[in-house]
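Structure file query-v2.txt (compact mmCIF, C-alpha atoms) follows.
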# COMPACT_ATOMS: atom_id res chain seq x y z
CA MET A 1 -211.08 293.03 42.50
CA LYS A 2 -208.47 294.84 44.55
CA ILE A 3 -205.68 292.81 43.00
CA LYS A 4 -206.99 293.64 39.54
CA SER A 5 -206.93 297.36 40.33
CA VAL A 6 -203.40 297.17 41.65
CA LEU A 7 -202.28 295.28 38.54
CA ILE A 8 -203.85 297.92 36.28
CA ILE A 9 -202.05 300.67 38.19
CA ILE A 10 -198.71 298.84 37.99
CA ILE A 11 -199.12 298.18 34.26
CA THR A 12 -200.09 301.82 33.66
CA ILE A 13 -197.00 303.01 35.52
CA LEU A 14 -194.76 300.61 33.59
CA VAL A 15 -196.18 301.63 30.22
CA SER A 16 -195.98 305.32 30.96
CA SER A 17 -192.45 305.05 32.31
CA SER A 18 -191.37 303.25 29.16
CA SER A 19 -192.82 306.08 27.06
CA PHE A 20 -190.93 308.55 29.30
CA ALA A 21 -187.75 306.65 28.67
CA GLN A 22 -184.42 307.97 29.76
CA GLN A 23 -183.47 311.08 27.77
CA LYS A 24 -180.30 311.69 29.73
CA GLY A 25 -177.25 311.46 27.46
CA LYS A 26 -179.32 311.67 24.27
CA TYR A 27 -178.63 314.53 21.91
CA LEU A 28 -180.15 316.76 19.21
CA ALA A 29 -178.33 318.49 16.36
CA SER A 30 -180.14 320.98 14.14
CA ILE A 31 -179.61 323.46 11.36
CA TYR A 32 -181.92 326.48 11.11
CA TYR A 33 -183.02 329.07 8.62
CA ASN A 34 -183.39 332.37 10.50
CA MET A 35 -185.63 335.30 9.71
CA SER A 36 -184.72 338.33 11.78
CA PHE A 37 -186.73 341.36 12.82
CA PRO A 38 -184.67 344.23 14.23
CA VAL A 39 -185.91 345.99 17.36
CA GLY A 40 -184.58 348.81 19.53
CA ARG A 41 -181.38 350.52 18.39
CA THR A 42 -180.76 347.93 15.68
CA SER A 43 -184.11 348.97 14.22
CA ASP A 44 -183.06 352.65 14.44
CA PHE A 45 -180.06 351.75 12.25
CA ILE A 46 -181.81 349.29 9.89
CA LYS A 47 -185.57 348.92 9.91
CA ASN A 48 -185.77 346.18 7.28
CA PRO A 49 -186.40 342.61 8.40
CA SER A 50 -183.74 340.15 7.29
CA PHE A 51 -184.33 336.91 5.48
CA ALA A 52 -180.64 335.99 5.34
CA GLY A 53 -179.65 333.98 8.35
CA VAL A 54 -178.53 330.55 9.40
CA SER A 55 -177.69 328.86 12.68
CA PHE A 56 -176.55 325.49 13.95
CA ASP A 57 -177.01 324.05 17.39
CA GLY A 58 -176.43 320.93 19.36
CA LYS A 59 -178.10 319.92 22.62
CA GLN A 60 -177.40 317.08 25.00
CA PHE A 61 -179.79 315.99 27.74
CA ILE A 62 -178.33 316.14 31.23
CA SER A 63 -181.56 314.92 32.78
CA ASN A 64 -184.82 313.65 31.38
CA LYS A 65 -186.19 317.12 30.75
CA THR A 66 -183.15 319.37 30.61
CA ALA A 67 -180.54 319.73 27.90
CA ILE A 68 -177.50 321.92 27.54
CA GLY A 69 -175.93 322.93 24.28
CA LEU A 70 -174.11 325.30 21.99
CA LEU A 71 -175.33 327.53 19.15
CA PHE A 72 -173.50 329.28 16.35
CA GLY A 73 -175.23 331.51 13.83
CA TRP A 74 -175.02 334.29 11.30
CA ASN A 75 -177.65 336.99 10.76
CA VAL A 76 -177.32 339.82 8.26
CA PHE A 77 -179.34 343.02 8.10
CA ASN A 78 -179.00 345.50 5.27
CA LYS A 79 -180.67 348.60 3.93
CA GLN A 80 -179.97 351.24 1.33
CA ASN A 81 -181.04 354.80 2.02
CA ASP A 82 -181.42 357.66 -0.39
CA GLY A 83 -182.11 361.27 0.44
CA LEU A 84 -181.79 362.73 3.92
CA GLN A 85 -181.14 360.79 7.11
CA THR A 86 -180.87 362.55 10.44
CA PHE A 87 -178.88 361.44 13.48
CA PRO A 88 -178.54 362.81 17.03
CA ASN A 89 -175.60 365.06 16.06
CA GLY A 90 -176.03 365.58 12.36
CA ALA A 91 -177.41 364.41 9.05
CA ILE A 92 -176.38 362.74 5.81
CA TYR A 93 -177.77 363.52 2.38
CA GLY A 94 -177.10 361.08 -0.44
CA SER A 95 -176.95 357.35 -1.02
CA THR A 96 -175.85 355.32 1.94
CA ALA A 97 -175.99 351.65 2.74
CA SER A 98 -176.16 350.16 6.22
CA TYR A 99 -175.18 346.62 7.14
CA VAL A 100 -175.19 344.61 10.35
CA ASN A 101 -173.49 341.22 10.42
CA ALA A 102 -174.12 339.41 13.70
CA LEU A 103 -172.44 336.14 14.69
CA PRO A 104 -173.82 334.65 17.91
CA PHE A 105 -171.73 332.11 19.86
CA LEU A 106 -174.05 330.99 22.65
CA ALA A 107 -174.34 328.35 25.32
CA SER A 108 -177.83 327.11 26.09
CA ALA A 109 -179.98 325.41 28.70
CA THR A 110 -183.29 323.97 27.49
CA TYR A 111 -186.24 322.68 29.43
CA PHE A 112 -188.73 320.28 27.84
CA PRO A 113 -191.93 320.00 29.91
CA ASN A 114 -192.83 316.79 28.10
CA THR A 115 -190.23 314.43 26.66
CA SER A 116 -192.58 311.52 26.11
CA ARG A 117 -191.57 309.58 23.02
CA ASN A 118 -195.22 309.20 22.15
CA ALA A 119 -195.56 312.96 21.80
CA LYS A 120 -195.13 314.06 18.18
CA THR A 121 -194.65 317.65 19.30
CA LYS A 122 -192.39 318.73 22.12
CA PHE A 123 -192.49 322.29 23.37
CA TYR A 124 -189.39 323.76 24.94
CA MET A 125 -187.95 326.88 26.50
CA THR A 126 -184.29 327.80 26.12
CA GLY A 127 -182.10 330.39 27.75
CA TYR A 128 -178.95 331.35 25.85
CA VAL A 129 -175.95 333.25 27.14
CA GLY A 130 -172.73 334.07 25.35
CA ALA A 131 -171.01 336.36 22.92
CA TYR A 132 -172.12 338.14 19.77
CA ASP A 133 -169.55 339.36 17.25
CA ILE A 134 -171.39 342.25 15.58
CA LEU A 135 -170.03 344.22 12.63
CA THR A 136 -171.95 347.37 11.75
CA GLN A 137 -171.06 349.18 8.53
CA LEU A 138 -172.21 352.42 6.99
CA GLU A 139 -171.28 353.13 3.38
CA LEU A 140 -171.21 356.85 2.71
CA GLY A 141 -170.70 357.31 -0.98
CA VAL A 142 -167.39 355.63 -1.63
CA SER A 143 -166.29 355.61 2.00
CA THR A 144 -167.18 352.99 4.59
CA LEU A 145 -167.39 353.43 8.35
CA GLU A 146 -167.13 350.25 10.41
CA SER A 147 -167.49 349.20 14.00
CA ASN A 148 -166.77 345.59 14.89
CA ASN A 149 -167.26 344.54 18.51
CA TRP A 150 -167.75 341.55 20.75
CA HIS A 151 -170.90 341.93 22.87
CA PHE A 152 -172.05 339.95 25.87
CA GLY A 153 -175.56 338.75 25.15
CA LEU A 154 -178.64 336.93 26.33
CA ALA A 155 -181.39 335.26 24.33
CA PRO A 156 -184.58 333.60 25.57
CA GLU A 157 -186.31 331.26 23.13
CA VAL A 158 -189.53 329.29 22.96
CA GLY A 159 -190.11 326.64 20.37
CA VAL A 160 -191.56 323.35 19.39
CA TYR A 161 -190.00 320.19 17.97
CA TYR A 162 -192.06 318.05 15.65
CA GLN A 163 -190.97 314.45 15.35
CA ALA A 164 -191.03 313.97 11.57
CA GLY A 165 -189.23 310.63 11.44
CA ARG A 166 -187.64 308.23 13.87
CA THR A 167 -184.48 310.33 14.17
CA THR A 168 -185.56 313.42 12.24
CA ASN A 169 -187.32 316.43 13.67
CA LEU A 170 -188.49 319.81 12.49
CA THR A 171 -188.35 322.89 14.65
CA LEU A 172 -190.17 326.21 14.81
CA SER A 173 -188.90 328.70 17.35
CA VAL A 174 -188.81 332.37 18.26
CA ARG A 175 -185.74 333.86 19.92
CA TYR A 176 -185.17 337.35 21.27
CA ASN A 177 -181.50 338.35 21.00
CA TYR A 178 -180.12 341.08 23.20
CA ALA A 179 -176.46 342.07 22.84
CA PHE A 180 -175.30 344.52 25.50
CA SER A 181 -173.59 347.73 24.41
CA SER A 182 -169.98 347.39 23.33
CA GLY A 183 -167.77 349.74 21.30
CA GLU A 184 -169.01 352.78 19.42
CA ALA A 185 -172.30 353.17 17.59
CA LEU A 186 -171.83 354.35 13.99
CA ASN A 187 -174.83 356.68 14.10
CA GLY A 188 -173.55 358.61 17.13
CA ASP A 189 -175.85 356.97 19.68
CA ASP A 190 -174.43 356.80 23.19
CA SER A 191 -175.14 353.06 23.34
CA ASN A 192 -174.22 350.34 20.87
CA GLU A 193 -176.60 347.68 22.15
CA GLN A 194 -178.17 345.52 19.46
CA SER A 195 -181.35 343.47 19.55
CA TRP A 196 -183.53 341.52 17.18
CA ILE A 197 -186.08 338.74 17.11
CA ASN A 198 -185.35 335.55 15.18
CA VAL A 199 -188.04 333.29 13.78
CA ASN A 200 -186.33 329.98 13.08
CA LEU A 201 -187.22 326.97 10.97
CA GLY A 202 -185.00 323.99 11.61
CA ILE A 203 -184.36 320.43 10.65
CA GLY A 204 -182.52 318.18 13.03
CA TYR A 205 -181.29 314.77 14.05
CA ASN A 206 -182.14 313.24 17.40
CA SER A 207 -180.33 310.26 18.89
CA TRP A 208 -183.36 308.47 20.30
CA MET B 1 -177.80 301.33 -1.75
CA LEU B 2 -180.73 303.39 -3.04
CA LYS B 3 -181.51 304.48 0.52
CA LYS B 4 -177.92 305.63 0.99
CA PHE B 5 -178.05 307.48 -2.33
CA LYS B 6 -181.28 309.22 -1.31
CA LYS B 7 -179.70 310.20 2.00
CA ASN B 8 -176.70 311.68 0.19
CA ILE B 9 -178.95 313.60 -2.20
CA LEU B 10 -180.85 315.00 0.78
CA ALA B 11 -177.61 316.03 2.48
CA ILE B 12 -176.37 317.70 -0.71
CA ALA B 13 -179.69 319.51 -1.17
CA ILE B 14 -179.54 320.83 2.38
CA ILE B 15 -175.92 321.97 1.98
CA VAL B 16 -176.64 323.65 -1.37
CA SER B 17 -179.72 325.46 -0.05
CA PHE B 18 -177.79 326.74 2.96
CA ALA B 19 -174.90 327.75 0.74
CA GLY B 20 -177.51 329.82 -1.11
CA VAL B 21 -178.62 331.42 2.13
CA LEU B 22 -175.03 332.17 3.09
CA SER B 23 -174.11 333.65 -0.28
CA SER B 24 -177.19 335.87 -0.17
CA CYS B 25 -175.82 337.25 3.08
CA TYR B 26 -173.14 339.03 1.09
CA TYR B 27 -175.44 341.73 -0.15
CA ASP B 28 -173.79 344.70 -1.80
CA TYR B 29 -175.77 347.74 -2.83
CA GLY B 30 -173.01 348.77 -5.20
CA ILE B 31 -172.76 352.43 -4.38
CA ASP B 32 -170.44 353.69 -7.10
CA SER B 33 -169.50 356.84 -8.93
CA GLU B 34 -173.08 357.23 -10.22
CA ASN B 35 -174.65 357.76 -6.81
CA SER B 36 -171.79 358.54 -4.48
CA ASN B 37 -172.07 362.30 -3.90
CA ILE B 38 -172.86 362.85 -0.26
CA VAL B 39 -173.31 365.78 2.09
CA VAL B 40 -172.60 365.11 5.76
CA THR B 41 -173.30 367.64 8.49
CA GLY B 42 -172.51 367.45 12.17
CA TYR B 43 -173.06 369.88 15.01
CA ASP B 44 -172.60 370.48 18.72
CA ASN B 45 -176.15 370.08 19.97
CA THR B 46 -175.38 371.99 23.17
CA TYR B 47 -174.42 375.18 21.32
CA PRO B 48 -177.04 378.00 21.31
CA PHE B 49 -177.26 378.56 17.54
CA ASN B 50 -180.17 380.96 18.06
CA THR B 51 -177.77 383.53 19.58
CA ILE B 52 -175.69 383.90 16.38
CA ASN B 53 -176.15 387.15 14.46
CA ARG B 54 -172.81 387.66 12.77
CA TYR B 55 -170.12 385.62 11.09
CA ILE B 56 -166.54 386.02 9.99
CA LEU B 57 -165.75 384.18 6.74
CA ASP B 58 -162.14 383.34 5.93
CA THR B 59 -161.76 384.05 2.24
CA THR B 60 -158.94 381.56 1.68
CA VAL B 61 -159.90 377.98 0.90
CA ASN B 62 -157.49 375.82 2.88
CA LYS B 63 -155.83 373.08 0.89
CA ILE B 64 -155.54 370.04 3.08
CA GLY B 65 -152.69 367.70 2.12
CA ASP B 66 -151.96 368.05 -1.59
CA GLN B 67 -151.12 371.73 -2.24
CA SER B 68 -151.43 371.33 -6.01
CA ILE B 69 -155.24 371.06 -5.89
CA THR B 70 -156.85 373.43 -8.38
CA ASN B 71 -158.00 376.89 -7.29
CA ALA B 72 -160.79 376.75 -9.89
CA PHE B 73 -163.51 376.14 -7.31
CA ASN B 74 -162.38 378.60 -4.62
CA SER B 75 -164.72 381.41 -5.62
CA THR B 76 -167.67 378.97 -5.90
CA ILE B 77 -166.96 377.63 -2.41
CA ILE B 78 -166.56 381.06 -0.80
CA ASN B 79 -169.44 382.78 -2.61
CA THR B 80 -171.93 379.96 -2.05
CA THR B 81 -170.98 379.69 1.62
CA ARG B 82 -171.40 383.46 2.06
CA ALA B 83 -174.79 383.44 0.30
CA ASN B 84 -176.03 380.69 2.62
CA LEU B 85 -174.79 382.46 5.77
CA ASN B 86 -176.56 385.65 4.66
CA LYS B 87 -179.70 383.63 3.97
CA LEU B 88 -179.69 382.63 7.64
CA GLY B 89 -180.10 386.32 8.46
CA TRP B 90 -176.55 386.67 9.77
CA THR B 91 -174.36 389.63 8.76
CA GLU B 92 -170.72 389.47 7.84
CA ALA B 93 -168.19 390.90 10.28
CA SER B 94 -164.42 391.05 10.18
CA LEU B 95 -161.75 390.05 12.68
CA SER B 96 -161.02 393.74 13.33
CA ASP B 97 -164.57 394.36 14.58
CA SER B 98 -165.21 394.25 18.31
CA LEU B 99 -166.41 390.71 18.82
CA ALA B 100 -169.33 389.69 21.00
CA ASN B 101 -170.85 386.32 21.77
CA ASP B 102 -172.95 386.37 18.65
CA VAL B 103 -170.05 385.88 16.23
CA VAL B 104 -168.94 382.63 14.60
CA ARG B 105 -165.91 382.01 12.42
CA VAL B 106 -166.44 380.11 9.19
CA SER B 107 -163.62 378.58 7.19
CA THR B 108 -163.48 376.26 4.23
CA GLY B 109 -161.14 373.57 2.97
CA ILE B 110 -160.64 371.25 0.04
CA THR B 111 -158.84 367.94 -0.25
CA THR B 112 -158.62 364.85 -2.43
CA THR B 113 -158.13 361.20 -1.61
CA THR B 114 -157.08 358.44 -4.00
CA TYR B 115 -158.24 354.87 -3.46
CA THR B 116 -156.79 351.84 -5.19
CA VAL B 117 -158.85 348.71 -5.69
CA ASN B 118 -156.76 345.66 -6.44
CA TYR B 119 -158.72 342.75 -7.82
CA ASN B 120 -155.71 340.46 -7.48
CA ASP B 121 -156.63 340.35 -3.80
CA TYR B 122 -159.87 338.60 -4.60
CA TYR B 123 -158.61 336.14 -7.20
CA TRP B 124 -155.59 334.76 -5.40
CA TYR B 125 -156.15 332.52 -2.47
CA GLY B 126 -153.56 330.63 -0.48
CA GLY B 127 -150.96 330.84 -3.20
CA GLY B 128 -153.13 329.25 -5.89
CA TYR B 129 -156.13 330.21 -7.92
CA TYR B 130 -159.28 330.25 -5.88
CA TRP B 131 -161.93 327.83 -7.02
CA GLY B 132 -164.43 329.42 -9.37
CA TYR B 133 -162.14 331.97 -10.96
CA PRO B 134 -160.44 330.62 -14.05
CA PRO B 135 -156.74 331.43 -14.43
CA TYR B 136 -157.23 333.54 -17.58
CA TYR B 137 -159.13 336.04 -15.47
CA GLY B 138 -155.84 337.22 -14.08
CA GLY B 139 -156.09 340.29 -11.94
CA TYR B 140 -156.45 343.99 -12.44
CA SER B 141 -156.60 347.11 -10.40
CA TYR B 142 -158.00 350.57 -10.76
CA SER B 143 -157.89 353.71 -8.73
CA TYR B 144 -160.24 356.60 -8.25
CA THR B 145 -159.97 359.95 -6.58
CA THR B 146 -162.60 361.69 -4.53
CA GLY B 147 -162.79 365.37 -3.80
CA THR B 148 -163.91 366.72 -0.44
CA VAL B 149 -165.04 370.22 0.44
CA ILE B 150 -165.23 371.07 4.13
CA ILE B 151 -167.01 374.02 5.73
CA ALA B 152 -166.25 374.49 9.41
CA MET B 153 -168.03 376.82 11.79
CA ALA B 154 -166.30 377.61 15.07
CA ASP B 155 -166.99 379.55 18.23
CA GLN B 156 -164.78 382.63 17.76
CA LYS B 157 -165.44 384.09 21.18
CA ASN B 158 -164.47 381.04 23.21
CA LYS B 159 -161.22 380.27 21.51
CA ASN B 160 -158.59 378.37 23.42
CA GLY B 161 -155.25 379.79 22.30
CA ASP B 162 -155.16 379.19 18.55
CA GLN B 163 -157.89 376.59 18.72
CA LEU B 164 -161.53 377.39 18.13
CA PRO B 165 -164.23 374.99 19.35
CA LEU B 166 -165.98 373.48 16.33
CA ILE B 167 -169.76 373.91 16.49
CA TRP B 168 -170.88 372.88 12.99
CA SER B 169 -169.33 371.23 9.96
CA GLY B 170 -170.51 370.44 6.48
CA ILE B 171 -168.62 367.93 4.35
CA LEU B 172 -169.22 367.31 0.66
CA ASN B 173 -167.65 364.26 -0.93
CA GLY B 174 -167.79 362.83 -4.43
CA PRO B 175 -165.61 361.33 -7.14
CA VAL B 176 -163.38 363.68 -9.13
CA GLY B 177 -164.11 363.82 -12.85
CA GLN B 178 -167.89 364.25 -12.81
CA PRO B 179 -169.40 366.79 -15.20
CA ASN B 180 -170.10 370.30 -13.84
CA PRO B 181 -168.14 370.12 -10.58
CA SER B 182 -168.91 373.79 -9.73
CA GLY B 183 -172.63 373.04 -9.95
CA LEU B 184 -172.22 369.97 -7.71
CA ILE B 185 -170.27 372.02 -5.14
CA THR B 186 -172.95 374.76 -5.15
CA GLU B 187 -175.73 372.17 -4.76
CA GLY B 188 -173.84 370.43 -1.97
CA ILE B 189 -173.19 373.59 0.03
CA ASN B 190 -176.85 374.67 -0.38
CA GLN B 191 -177.92 371.23 0.85
CA ALA B 192 -175.62 371.40 3.91
CA PHE B 193 -177.12 374.75 4.96
CA SER B 194 -180.70 373.81 4.04
CA ASN B 195 -183.51 373.96 6.56
CA ALA B 196 -184.10 370.24 5.97
CA GLN B 197 -180.56 369.17 6.82
CA SER B 198 -179.56 371.83 9.40
CA PRO B 199 -182.83 373.22 10.87
CA TYR B 200 -181.16 374.37 14.14
CA LEU B 201 -179.24 377.06 12.16
CA TYR B 202 -182.57 378.71 11.38
CA GLN B 203 -183.78 379.00 14.99

As structure tokens - that is how I would like this structure written.
Amino acid sequence: MKIKSVLIIIITILVSSSSFAQQKGKYLASIYYNMSFPVGRTSDFIKNPSFAGVSFDGKQFISNKTAIGLLFGWNVFNKQNDGLQTFPNGAIYGSTASYVNALPFLASATYFPNTSRNAKTKFYMTGYVGAYDILTQLELGVSTLESNNWHFGLAPEVGVYYQAGRTTNLTLSVRYNYAFSSGEALNGDDSNEQSWINVNLGIGYNSW
Amino acid sequence: MLKKFKKNILAIAIIVSFAGVLSSCYYDYGIDSENSNIVVTGYDNTYPFNTINRYILDTTVNKIGDQSITNAFNSTIINTTRANLNKLGWTEASLSDSLANDVVRVSTGITTTTYTVNYNDYYWYGGGYYWGYPPYYGGYSYSYTTGTVIIAMADQKNKNGDQLPLIWSGILNGPVGQPNPSGLITEGINQAFSNAQSPYLYQ
């Protein structure tokens, strides 16, 4: 009886360890469609959500539950204004158009609480750090004001991978992007920090 | 073979759909000569505008840059500016009056700027024709000129040598060649001084 119990325990451990097979060295590569919702000062400049965005990322596992990677993306916000707009030190009357083009170049560290190959869905948390190249533009009639700056930035993300095929996965994630102030704000604000929330839908390849 | 073909189709579909996303990123609202008249105002938000009772108005419209700009709009600019200053409840003074802290100096200016748009820049790429633009398209350019009217309000009492600290400015800008330019200038100046755009002047 005792031997039987021990055997069951050993078999259980072996089976479960095979389903938690080594992730180290394996990698993920994904392409995402990004929807973006401006917050903070970015929202003061352009309130409209953006449905024009794309990003690419790659992750490699450095342990069974942790991966590091790189992300590159492009998010665009735009809005046309008519009539009167007021700013801290003045106002503009007429047709204007505002644009924000943001290019994140980020390094990432991701933690997967459960990397079991039996699990169809895998939740994860990622911390990003890196640089954002952000171009803000304000068209005033036929003139255009521009401010193009590199910002240091941070972005926490939570998401879930769904294993759609043997090497194909789908992703849904939410990322908060915060780019610290850099350069001059076009609307006269004393800070040029930018922030927005991305909702991302991705398709990716995994090497396991 | 079929599997490989399907894979390629999928890859192409993904690339094309993302190309669509990327091209939609280049959104252009197309602000052009039809909707490009603007009135911009700026002010020193530390200045006590509620202490102003009098103004000095320079009756010469300064030509900035090109000295051959027409004088046809000078009286419109000066008269409309004066009417708006009076509407604020301020009274006109002259430089010869004894000046107190309640006096501001108002001057006006006019200038033009010519822009050239060269479409050759867009159609030539790396020494050859860029894909998508057939050679017969060639290239063309056009230019347009905008006119700008500036109204500047300065702190007469706290002048530093010849320089007066600027406390308010109104800038009107629009393409030259629109019908009824005098009417557009009058409308623009009225808008700059309006309670909606510059409420602090009314305090």

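Of note, CA of Thr121 in chain A and CA of Gly202 in chain A are spaced 13.9 Å apart.
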
How would you write as a PDB file with C-alpha atoms, keeping the file's coordinate frame the residues that get within 6 Å of (-167.0, 382.0, 13.6) in the file's frame, counting all atoms listed in the file?
ATOM      1  CA  TYR B  55    -170.120 385.620  11.090  1.00  0.00           C
ATOM      2  CA  ILE B  56    -166.540 386.020   9.990  1.00  0.00           C
ATOM      3  CA  VAL B 103    -170.050 385.880  16.230  1.00  0.00           C
ATOM      4  CA  VAL B 104    -168.940 382.630  14.600  1.00  0.00           C
ATOM      5  CA  ARG B 105    -165.910 382.010  12.420  1.00  0.00           C
ATOM      6  CA  VAL B 106    -166.440 380.110   9.190  1.00  0.00           C
ATOM      7  CA  MET B 153    -168.030 376.820  11.790  1.00  0.00           C
ATOM      8  CA  ALA B 154    -166.300 377.610  15.070  1.00  0.00           C
ATOM      9  CA  ASP B 155    -166.990 379.550  18.230  1.00  0.00           C
ATOM     10  CA  GLN B 156    -164.780 382.630  17.760  1.00  0.00           C
TER      11      GLN B 156
END

Thr59 in chain B environment, 10 Å, only C-alpha atoms, sequence neighbours closer than 3 positions dropped, as a list in words: Ile56, Asn62, Asn74, Ser75, Ile77, Ile78, Asn79, Arg82, Val106, Ser107 and Thr108 of chain B

Got a sec: who's within 12 Å of Met125 in chain A, counting only C-alpha atoms, leaving out chain neighbours fewer than 3 positions off, as a ChimeraX atom specification? /A:65-68,108-114,122,128,155-161,172-175

Counting all atoms listed in the file, note down every residue that has an atom within 12 Å of the point (-176.8, 323.2, 19.0) (file coordinates), as JSON, numbers by chain. {"A": [27, 28, 29, 30, 31, 32, 55, 56, 57, 58, 59, 60, 61, 67, 68, 69, 70, 71, 72, 73, 104, 105, 106, 107, 108, 109, 110, 126, 128, 202, 203, 204, 205, 206]}

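Closest approach to chain A among B:Asn158, B:Asn86, B:Thr145, B:Thr111: B:Thr145, based on only C-alpha atoms.
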
Closest-contact table, chain A side, partner chain B, 8 Å, counting only C-alpha atoms, as JSON lines:
{"residue": "A:Ala52", "atom": "CA", "partner": "B:Cys25", "partner_atom": "CA", "distance": 5.5}
{"residue": "A:Gly53", "atom": "CA", "partner": "B:Val21", "partner_atom": "CA", "distance": 6.8}
{"residue": "A:Val54", "atom": "CA", "partner": "B:Val21", "partner_atom": "CA", "distance": 7.3}
{"residue": "A:Asn75", "atom": "CA", "partner": "B:Cys25", "partner_atom": "CA", "distance": 7.9}
{"residue": "A:Val76", "atom": "CA", "partner": "B:Cys25", "partner_atom": "CA", "distance": 6.0}
{"residue": "A:Asn78", "atom": "CA", "partner": "B:Tyr27", "partner_atom": "CA", "distance": 7.5}
{"residue": "A:Gln80", "atom": "CA", "partner": "B:Tyr29", "partner_atom": "CA", "distance": 6.9}
{"residue": "A:Leu84", "atom": "CA", "partner": "B:Gln197", "partner_atom": "CA", "distance": 7.2}
{"residue": "A:Thr86", "atom": "CA", "partner": "B:Gln197", "partner_atom": "CA", "distance": 7.6}
{"residue": "A:Asn89", "atom": "CA", "partner": "B:Gly42", "partner_atom": "CA", "distance": 5.5}
{"residue": "A:Gly90", "atom": "CA", "partner": "B:Gly42", "partner_atom": "CA", "distance": 4.0}
{"residue": "A:Ala91", "atom": "CA", "partner": "B:Thr41", "partner_atom": "CA", "distance": 5.3}
{"residue": "A:Ile92", "atom": "CA", "partner": "B:Val40", "partner_atom": "CA", "distance": 4.5}
{"residue": "A:Tyr93", "atom": "CA", "partner": "B:Val39", "partner_atom": "CA", "distance": 5.0}
{"residue": "A:Gly94", "atom": "CA", "partner": "B:Ile38", "partner_atom": "CA", "distance": 4.6}
{"residue": "A:Ser95", "atom": "CA", "partner": "B:Asn35", "partner_atom": "CA", "distance": 6.2}
{"residue": "A:Thr96", "atom": "CA", "partner": "B:Ile31", "partner_atom": "CA", "distance": 7.6}
{"residue": "A:Ala97", "atom": "CA", "partner": "B:Tyr29", "partner_atom": "CA", "distance": 6.8}
{"residue": "A:Glu139", "atom": "CA", "partner": "B:Ile31", "partner_atom": "CA", "distance": 7.9}
{"residue": "A:Leu140", "atom": "CA", "partner": "B:Ile38", "partner_atom": "CA", "distance": 6.9}
{"residue": "A:Gly141", "atom": "CA", "partner": "B:Ser36", "partner_atom": "CA", "distance": 3.9}
{"residue": "A:Val142", "atom": "CA", "partner": "B:Ser36", "partner_atom": "CA", "distance": 6.0}

Under the rule that all atoms listed in the file are counted, which of A:Pro88, A:Trp196, A:Lys26, A:Asp190 is the nearest residue to Val100 in chain A? A:Trp196

Any idea what the distance is between CA of Ser147 in chain A and CA of Lys79 in chain A? 16.6 Å

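Taking all atoms listed in the file into account, Pro49 in chain A lies nearest to A:Asn198 out of the set A:Gln22, A:Asn169, A:Asn198, A:Asn118.
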
Please put the answer as JSON: centre and edge lengths, in Å with one decimal, of a box along x, y and z that encloses all listed atoms of range 101-116 of chain A plus 5 Å on each side.
{"center_x": -182.3, "center_y": 326.4, "center_z": 20.2, "size_x": 31.1, "size_y": 39.7, "size_z": 29.5}

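When only C-alpha atoms are used to measure the gap to Leu103 in chain A, the shortest distance among A:Trp208, A:Trp150, A:Phe87, A:Tyr124 belongs to A:Trp150.
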
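Between CA of Ser207 in chain A and CA of Thr167 in chain A lies a distance of 6.3 Å.
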
Can you tell me, as a list in words, what residues are no more than 9 Å from Leu201 in chain B when counting only C-alpha atoms, ignoring any on the same chain fewer than 3 positions away? Phe49, Asn50, Ile52, Leu88, Phe193, Ser194, Asn195 and Ser198 of chain B
